[in-house]
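**Q** Handing over data_2.txt, compact mmCIF, C-alpha atoms.
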# COMPACT_ATOMS: atom_id res chain seq x y z
CA MET A 25 99.51 120.90 -29.61
CA SER A 26 101.63 120.50 -26.49
CA THR A 27 100.65 118.29 -23.55
CA GLN A 28 100.44 121.39 -21.37
CA ALA A 29 97.98 123.06 -23.75
CA ASN A 30 95.95 119.82 -24.01
CA ALA A 31 95.66 119.69 -20.22
CA LYS A 32 93.66 122.91 -20.34
CA CYS A 33 91.19 121.53 -22.89
CA PRO A 34 88.30 119.45 -21.51
CA ARG A 35 87.42 116.39 -23.56
CA ILE A 36 84.72 117.09 -26.15
CA GLU A 37 82.44 114.08 -26.44
CA ARG A 38 79.10 115.42 -27.64
CA ILE A 39 78.26 118.43 -29.80
CA ALA A 40 74.61 119.34 -30.24
CA LEU A 41 73.55 121.01 -33.49
CA GLY A 42 70.37 123.04 -33.87
CA SER A 43 69.48 121.62 -37.28
CA ASP A 44 68.96 118.28 -38.99
CA ARG A 45 70.09 119.53 -42.42
CA ALA A 46 72.64 117.22 -44.03
CA ALA A 47 75.01 120.04 -45.10
CA LYS A 48 75.16 121.45 -41.57
CA ILE A 49 75.77 118.03 -40.01
CA MET A 50 78.56 117.43 -42.55
CA ALA A 51 80.08 120.81 -41.66
CA VAL A 52 80.15 120.04 -37.94
CA ARG A 53 81.69 116.61 -38.52
CA ALA A 54 84.32 118.06 -40.87
CA ALA A 55 85.19 120.83 -38.39
CA ILE A 56 85.52 118.27 -35.57
CA ALA A 57 87.88 116.19 -37.73
CA ARG A 58 90.02 119.27 -38.47
CA VAL A 59 90.23 120.24 -34.80
CA ALA A 60 90.91 116.63 -33.74
CA GLY A 61 93.99 116.73 -35.96
CA ILE A 62 95.59 119.22 -33.54
CA ASP A 63 93.71 118.41 -30.32
CA SER A 64 93.19 114.79 -29.33
CA THR A 65 90.46 115.72 -26.84
CA TRP A 66 88.10 116.15 -29.84
CA ARG A 67 88.75 112.76 -31.47
CA ASP A 68 85.76 110.95 -29.98
CA ALA A 69 83.26 113.78 -30.39
CA ASN A 70 79.92 112.82 -31.90
CA VAL A 71 77.16 115.05 -33.26
CA VAL A 72 73.59 115.11 -31.99
CA ALA A 73 71.39 116.96 -34.49
CA ARG A 74 67.90 118.24 -33.72
CA SER A 75 65.49 120.28 -35.80
CA VAL A 76 64.66 123.51 -33.95
CA LYS A 77 62.23 126.40 -34.25
CA THR A 78 63.40 129.99 -33.90
CA GLU A 79 62.09 133.50 -34.43
CA ALA A 80 64.74 134.17 -37.06
CA PRO A 81 63.48 135.12 -40.54
CA ALA A 82 63.40 132.36 -43.15
CA MET A 83 65.85 134.41 -45.20
CA PRO A 84 68.18 136.57 -43.07
CA LEU A 85 69.22 139.72 -44.90
CA ASN A 86 72.02 141.11 -42.72
CA ASP A 87 74.71 140.04 -40.28
CA TRP A 88 72.60 140.88 -37.23
CA GLU A 89 69.82 138.55 -38.38
CA LEU A 90 72.35 135.86 -39.25
CA MET A 91 74.14 136.05 -35.91
CA SER A 92 70.88 136.18 -33.99
CA GLY A 93 69.53 133.18 -35.92
CA ALA A 94 72.66 131.13 -35.26
CA ARG A 95 72.51 131.96 -31.55
CA GLN A 96 68.81 131.12 -31.32
CA ARG A 97 69.45 127.73 -32.94
CA ALA A 98 72.18 126.82 -30.46
CA LEU A 99 70.12 127.89 -27.45
CA ALA A 100 67.06 126.08 -28.80
CA VAL A 101 68.90 122.77 -29.19
CA ARG A 102 70.36 123.20 -25.71
CA GLN A 103 66.86 123.60 -24.29
CA ILE A 104 65.63 120.52 -26.19
CA LEU A 105 68.40 118.40 -24.71
CA LEU A 106 67.90 119.79 -21.22
CA ASP A 107 64.17 118.97 -21.46
CA GLN A 108 65.18 115.40 -22.36
CA LYS A 109 67.58 115.26 -19.37
CA LEU A 110 70.51 115.20 -21.79
CA ASP A 111 73.43 117.52 -22.26
CA ALA A 112 76.36 118.22 -24.55
CA ASP A 113 79.78 119.73 -24.24
CA LEU A 114 79.05 122.28 -26.95
CA TYR A 115 75.85 123.60 -28.54
CA VAL A 116 76.02 124.86 -32.12
CA GLY A 117 73.82 127.03 -34.32
CA LEU A 118 74.46 127.74 -38.01
CA GLU A 119 72.67 130.34 -40.10
CA GLY A 120 73.19 131.33 -43.72
CA GLY A 121 71.84 134.26 -45.68
CA PHE A 122 72.63 137.63 -47.24
CA HIS A 123 74.60 140.66 -46.16
CA SER A 124 74.56 143.78 -48.36
CA ILE A 125 77.00 146.67 -48.29
CA SER A 126 77.39 149.86 -50.32
CA VAL A 127 80.82 150.51 -51.81
CA GLU A 128 81.15 153.96 -53.39
CA GLY A 129 77.40 154.11 -53.91
CA GLU A 130 77.10 150.66 -55.48
CA TRP A 131 75.36 147.90 -53.54
CA HIS A 132 76.87 144.43 -53.31
CA THR A 133 75.09 141.47 -51.75
CA PHE A 134 77.05 138.55 -50.39
CA LEU A 135 76.08 135.07 -49.30
CA ARG A 136 77.67 134.17 -45.98
CA GLY A 137 77.11 132.05 -42.93
CA TRP A 138 77.54 132.50 -39.21
CA ALA A 139 78.27 129.91 -36.53
CA PHE A 140 77.48 130.32 -32.85
CA VAL A 141 78.91 128.00 -30.21
CA THR A 142 78.34 127.84 -26.45
CA ASN A 143 79.16 125.44 -23.65
CA GLY A 144 76.42 126.99 -21.52
CA GLU A 145 78.78 129.60 -20.11
CA ARG A 146 81.05 130.90 -22.85
CA GLU A 147 79.56 132.11 -26.15
CA THR A 148 81.43 132.68 -29.40
CA PHE A 149 80.77 133.44 -33.07
CA GLY A 150 82.56 132.58 -36.30
CA MET A 151 81.86 133.73 -39.86
CA SER A 152 82.23 131.89 -43.16
CA PRO A 153 83.80 133.33 -46.30
CA SER A 154 81.53 135.47 -48.49
CA ILE A 155 80.62 135.11 -52.16
CA GLU A 156 78.88 137.80 -54.20
CA VAL A 157 75.38 136.90 -55.36
CA PRO A 158 74.17 137.77 -58.90
CA ASP A 159 71.73 140.69 -59.00
CA ALA A 160 68.95 138.60 -60.57
CA ILE A 161 69.02 136.18 -57.66
CA VAL A 162 69.17 138.97 -55.09
CA LYS A 163 66.13 140.69 -56.61
CA ASP A 164 64.16 137.44 -56.75
CA VAL A 165 64.90 136.79 -53.08
CA ILE A 166 64.42 140.30 -51.69
CA GLN A 167 61.72 141.74 -53.95
CA GLY A 168 59.97 138.44 -54.49
CA LYS A 169 60.25 137.65 -50.76
CA ARG A 170 61.34 134.10 -51.53
CA GLU A 171 63.83 131.88 -49.73
CA LEU A 172 67.24 131.59 -51.38
CA GLY A 173 67.00 127.79 -51.48
CA ILE A 174 63.84 127.95 -53.58
CA VAL A 175 65.26 130.62 -55.89
CA ILE A 176 68.50 128.69 -56.40
CA ASP A 177 66.48 125.54 -57.15
CA ASP A 178 64.78 127.48 -59.97
CA PHE A 179 67.98 129.02 -61.31
CA ALA A 180 69.99 125.79 -61.15
CA GLY A 181 67.18 123.46 -62.18
CA ILE A 182 67.99 121.22 -59.22
CA ARG A 183 65.61 120.04 -56.52
CA ASP A 184 66.45 120.83 -52.87
CA VAL A 185 69.85 122.43 -53.50
CA ARG A 186 69.91 123.57 -49.85
CA SER A 187 70.32 119.98 -48.61
CA LYS A 188 73.08 119.25 -51.13
CA GLN A 189 75.80 121.64 -52.28
CA GLY A 190 73.69 124.69 -51.40
CA ALA A 191 73.73 128.06 -53.11
CA TRP A 192 77.47 128.11 -52.43
CA GLY A 193 77.97 125.10 -54.66
CA VAL A 194 75.85 126.55 -57.45
CA LEU A 195 77.60 129.94 -57.35
CA SER A 196 81.13 128.49 -57.12
CA ARG A 197 80.57 125.47 -59.41
CA ASP A 198 81.13 123.27 -56.36
CA LEU A 199 84.59 124.64 -55.57
CA LEU A 200 82.99 125.72 -52.30
CA THR A 201 79.89 123.98 -50.98
CA ARG A 202 77.45 124.99 -48.26
CA ALA A 203 79.04 122.47 -45.90
CA MET A 204 82.53 123.84 -46.62
CA SER A 205 81.46 127.42 -45.92
CA PHE A 206 79.92 126.44 -42.58
CA GLU A 207 83.01 124.35 -41.75
CA ALA A 208 85.17 127.49 -41.95
CA ALA A 209 82.73 129.41 -39.72
CA LEU A 210 82.78 126.57 -37.18
CA ILE A 211 86.55 126.32 -37.03
CA ALA A 212 86.57 130.04 -36.19
CA ALA A 213 83.78 129.75 -33.61
CA PHE A 214 85.33 126.67 -31.97
CA ALA A 215 88.69 128.46 -31.47
CA PRO A 216 88.23 129.41 -27.79
CA PHE A 217 87.43 125.77 -27.00
CA TYR A 218 90.45 124.19 -28.73
CA ASN A 219 92.86 127.10 -28.16
CA PRO A 220 91.93 128.23 -24.62
CA ALA A 221 95.39 129.51 -23.75
CA LEU A 222 94.83 132.49 -26.07
CA TYR A 223 91.18 133.08 -25.14
CA CYS A 224 91.42 133.14 -21.33
The structure given in the file should be rewritten as structure tokens.
**A**
Amino acid sequence: MSTQANAKCPRIERIALGSDRAAKIMAVRAAIARVAGIDSTWRDANVVARSVKTEAPAMPLNDWELMSGARQRALAVRQILLDQKLDADLYVGLEGGFHSISVEGEWHTFLRGWAFVTNGERETFGMSPSIEVPDAIVKDVIQGKRELGIVIDDFAGIRDVRSKQGAWGVLSRDLLTRAMSFEAALIAAFAPFYNPALYC
């Protein structure tokens, strides 16, 4: 990135994440490292992670619920820090879940994640890749009204998959993990903050 472009980018020193899940923290750190490779103002950024409570469903079933959940997480962590007389340069929320769509009368359900980022003024979203979910898992989640993490634990025979490779890792045989999917969403959501010349 040119010096002129860097001059427009404020230094990013602290990023607050509305979750204390290991996979989400890993995703934020990985995204910071990627951005720091092209923008030196991100090189010293550290992550402050806080568990938050939101009104989002435990298992979001569409993009609206996913986007809303991600936004609620970011705003909740911002409020926590403000209450503690602390602040951050960016506040981040990550939410994963399902999105279903009908193609020529046949329903397909995908696992995807959304990232929401704000600096208190500007707000932006980014979406992860999507991977189709087997029908048996979809039915167990939707009809059984169970969280995906619990269902995947049963299918994979692994305890607490959500905090490790996630459903992404199980479905893709670890070619794509939960952290990697959120990393892609974050790089997209961070774009206006590391590429401000195009997002004025």
**Q** Using 10 Å as the limit and counting all atoms listed in the file, can you tabulate each residue of range 58-102 of chain A that touches range 196-218 of chain A, with its shortest atom-to-atom distance in Å and the two atoms involved, as a Markdown table?
**A**
| residue | atom | partner | partner_atom | distance |
| --- | --- | --- | --- | --- |
| A:Arg58 | CA | A:Ile211 | CA | 8.0 |
| A:Val59 | CA | A:Tyr218 | CA | 7.2 |
| A:Ala60 | CA | A:Tyr218 | CA | 9.1 |
| A:Ile62 | CA | A:Tyr218 | CA | 8.6 |
| A:Asp63 | CA | A:Tyr218 | CA | 6.8 |
| A:Ser64 | CA | A:Tyr218 | CA | 9.8 |
| A:Thr65 | CA | A:Tyr218 | CA | 8.7 |
| A:Trp66 | CA | A:Tyr218 | CA | 8.4 |
**Q** Nearest residue to Glu79 in chain A out of A:Arg67, A:Ile182, A:Met50, A:Gly93, using all atoms listed in the file?
**A**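 Of all the options, A:Gly93 lies closest to Glu79 in chain A.
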**Q** Between A:Asp113, A:Glu89, A:Glu130, A:Asp107, which has the minimum distance to Pro34 in chain A (counting only C-alpha atoms)?
**A** A:Asp113
**Q** Can you pull out every residue within 7 Å of range 117-119 of chain A, counting all atoms listed in the file, but drop anything in the same chain fewer than 4 positions away, and send it as a PyMOL selection string?
**A** chain A and resi 41-42+90+93-95+97-98+137-141
**Q** Measuring between only C-alpha atoms, which one of A:Ala180, A:Arg53, A:Leu85, A:Glu37 shows the shortest distance to Asp68 in chain A?
**A**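 Going through A:Ala180, A:Arg53, A:Leu85, A:Glu37 one by one, the smallest distance to Asp68 in chain A is for A:Glu37.
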**Q** Pick from A:Cys224, A:Leu114, A:Ile39, A:Met83: nearest to Ile174 in chain A, with all atoms listed in the file counted?
**A** A:Met83
**Q** Considering all atoms listed in the file, return as a list in words whatever protein or nucleic-acid residues lie within 7 Å of Ala40 in chain A, sequence-local ones (same chain, fewer than 2 positions apart) excluded.
**A**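 The residues that qualify are Arg38, Gly42, Val71, Val72, Ala73, Val101, Ala112, Leu114, Tyr115 and Val116 of chain A.
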**Q** Keeping only C-alpha atoms, write those residues as a short mmCIF file (atom, residue, chain, number, x, y, z; two decimals), keeping the file's coordinate frame.
**A**
data_model
loop_
_atom_site.label_atom_id
_atom_site.label_comp_id
_atom_site.auth_asym_id
_atom_site.auth_seq_id
_atom_site.Cartn_x
_atom_site.Cartn_y
_atom_site.Cartn_z
CA ARG A 38 79.10 115.42 -27.64
CA GLY A 42 70.37 123.04 -33.87
CA VAL A 71 77.16 115.05 -33.26
CA VAL A 72 73.59 115.11 -31.99
CA ALA A 73 71.39 116.96 -34.49
CA VAL A 101 68.90 122.77 -29.19
CA ALA A 112 76.36 118.22 -24.55
CA LEU A 114 79.05 122.28 -26.95
CA TYR A 115 75.85 123.60 -28.54
CA VAL A 116 76.02 124.86 -32.12
#
**Q** Measure the distance from CA of Ile161 in chain A to CA of Thr78 in chain A in Å and round it to one decimal.
**A**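 Distance reported for this atom pair: 25.2 Å.
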**Q** For Ala51 in chain A, which residue out of A:Ser152, A:Asp178, A:Leu135, A:Leu172 is the nearest one, using only C-alpha atoms?
**A**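 Closest candidate: A:Ser152.
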**Q** Taking into account only C-alpha atoms, which residue in the set A:Gln103, A:Ser43, A:Gln167, A:Thr133 is nearest to Gly121 in chain A?
**A**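 For Gly121 in chain A, the nearest of the given residues is A:Thr133.
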**Q** One decimal, Å: what's the distance from CA of Asn86 in chain A over to CA of Tyr223 in chain A, could you say?
**A** 27.2 Å
**Q** Please indicate the distance in Å from CA of Ala46 in chain A to CA of Pro158 in chain A, rounded to one decimal place.
**A**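 Going from CA of Ala46 in chain A over to CA of Pro158 in chain A covers 25.4 Å.
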**Q** Output range 36-48 of chain A as a short mmCIF file (atom, residue, chain, number, x, y, z; two decimals), keeping the file's coordinate frame, making sure N, CA and C atoms are there.
**A**
data_model
loop_
_atom_site.label_atom_id
_atom_site.label_comp_id
_atom_site.auth_asym_id
_atom_site.auth_seq_id
_atom_site.Cartn_x
_atom_site.Cartn_y
_atom_site.Cartn_z
N ILE A 36 85.97 116.80 -25.46
CA ILE A 36 84.72 117.09 -26.15
C ILE A 36 84.14 115.77 -26.65
N GLU A 37 83.03 115.36 -26.07
CA GLU A 37 82.44 114.08 -26.44
C GLU A 37 81.14 114.21 -27.21
N ARG A 38 80.38 115.26 -26.94
CA ARG A 38 79.10 115.42 -27.64
C ARG A 38 78.91 116.88 -28.03
N ILE A 39 78.57 117.09 -29.29
CA ILE A 39 78.26 118.43 -29.80
C ILE A 39 76.84 118.40 -30.34
N ALA A 40 76.01 119.28 -29.83
CA ALA A 40 74.61 119.34 -30.24
C ALA A 40 74.43 120.43 -31.29
N LEU A 41 73.78 120.09 -32.37
CA LEU A 41 73.55 121.01 -33.49
C LEU A 41 72.07 121.33 -33.62
N GLY A 42 71.76 122.61 -33.72
CA GLY A 42 70.37 123.04 -33.87
C GLY A 42 69.90 123.00 -35.30
N SER A 43 69.96 121.85 -35.92
CA SER A 43 69.48 121.62 -37.28
C SER A 43 69.63 120.15 -37.60
N ASP A 44 68.77 119.65 -38.51
CA ASP A 44 68.96 118.28 -38.99
C ASP A 44 69.27 118.27 -40.48
N ARG A 45 69.70 119.42 -41.00
CA ARG A 45 70.09 119.53 -42.42
C ARG A 45 71.41 118.82 -42.67
N ALA A 46 71.46 118.03 -43.73
CA ALA A 46 72.64 117.22 -44.03
C ALA A 46 73.90 118.07 -44.18
N ALA A 47 73.82 119.21 -44.87
CA ALA A 47 75.01 120.04 -45.10
C ALA A 47 75.57 120.58 -43.79
N LYS A 48 74.69 120.91 -42.86
CA LYS A 48 75.16 121.45 -41.57
C LYS A 48 75.78 120.34 -40.72
#
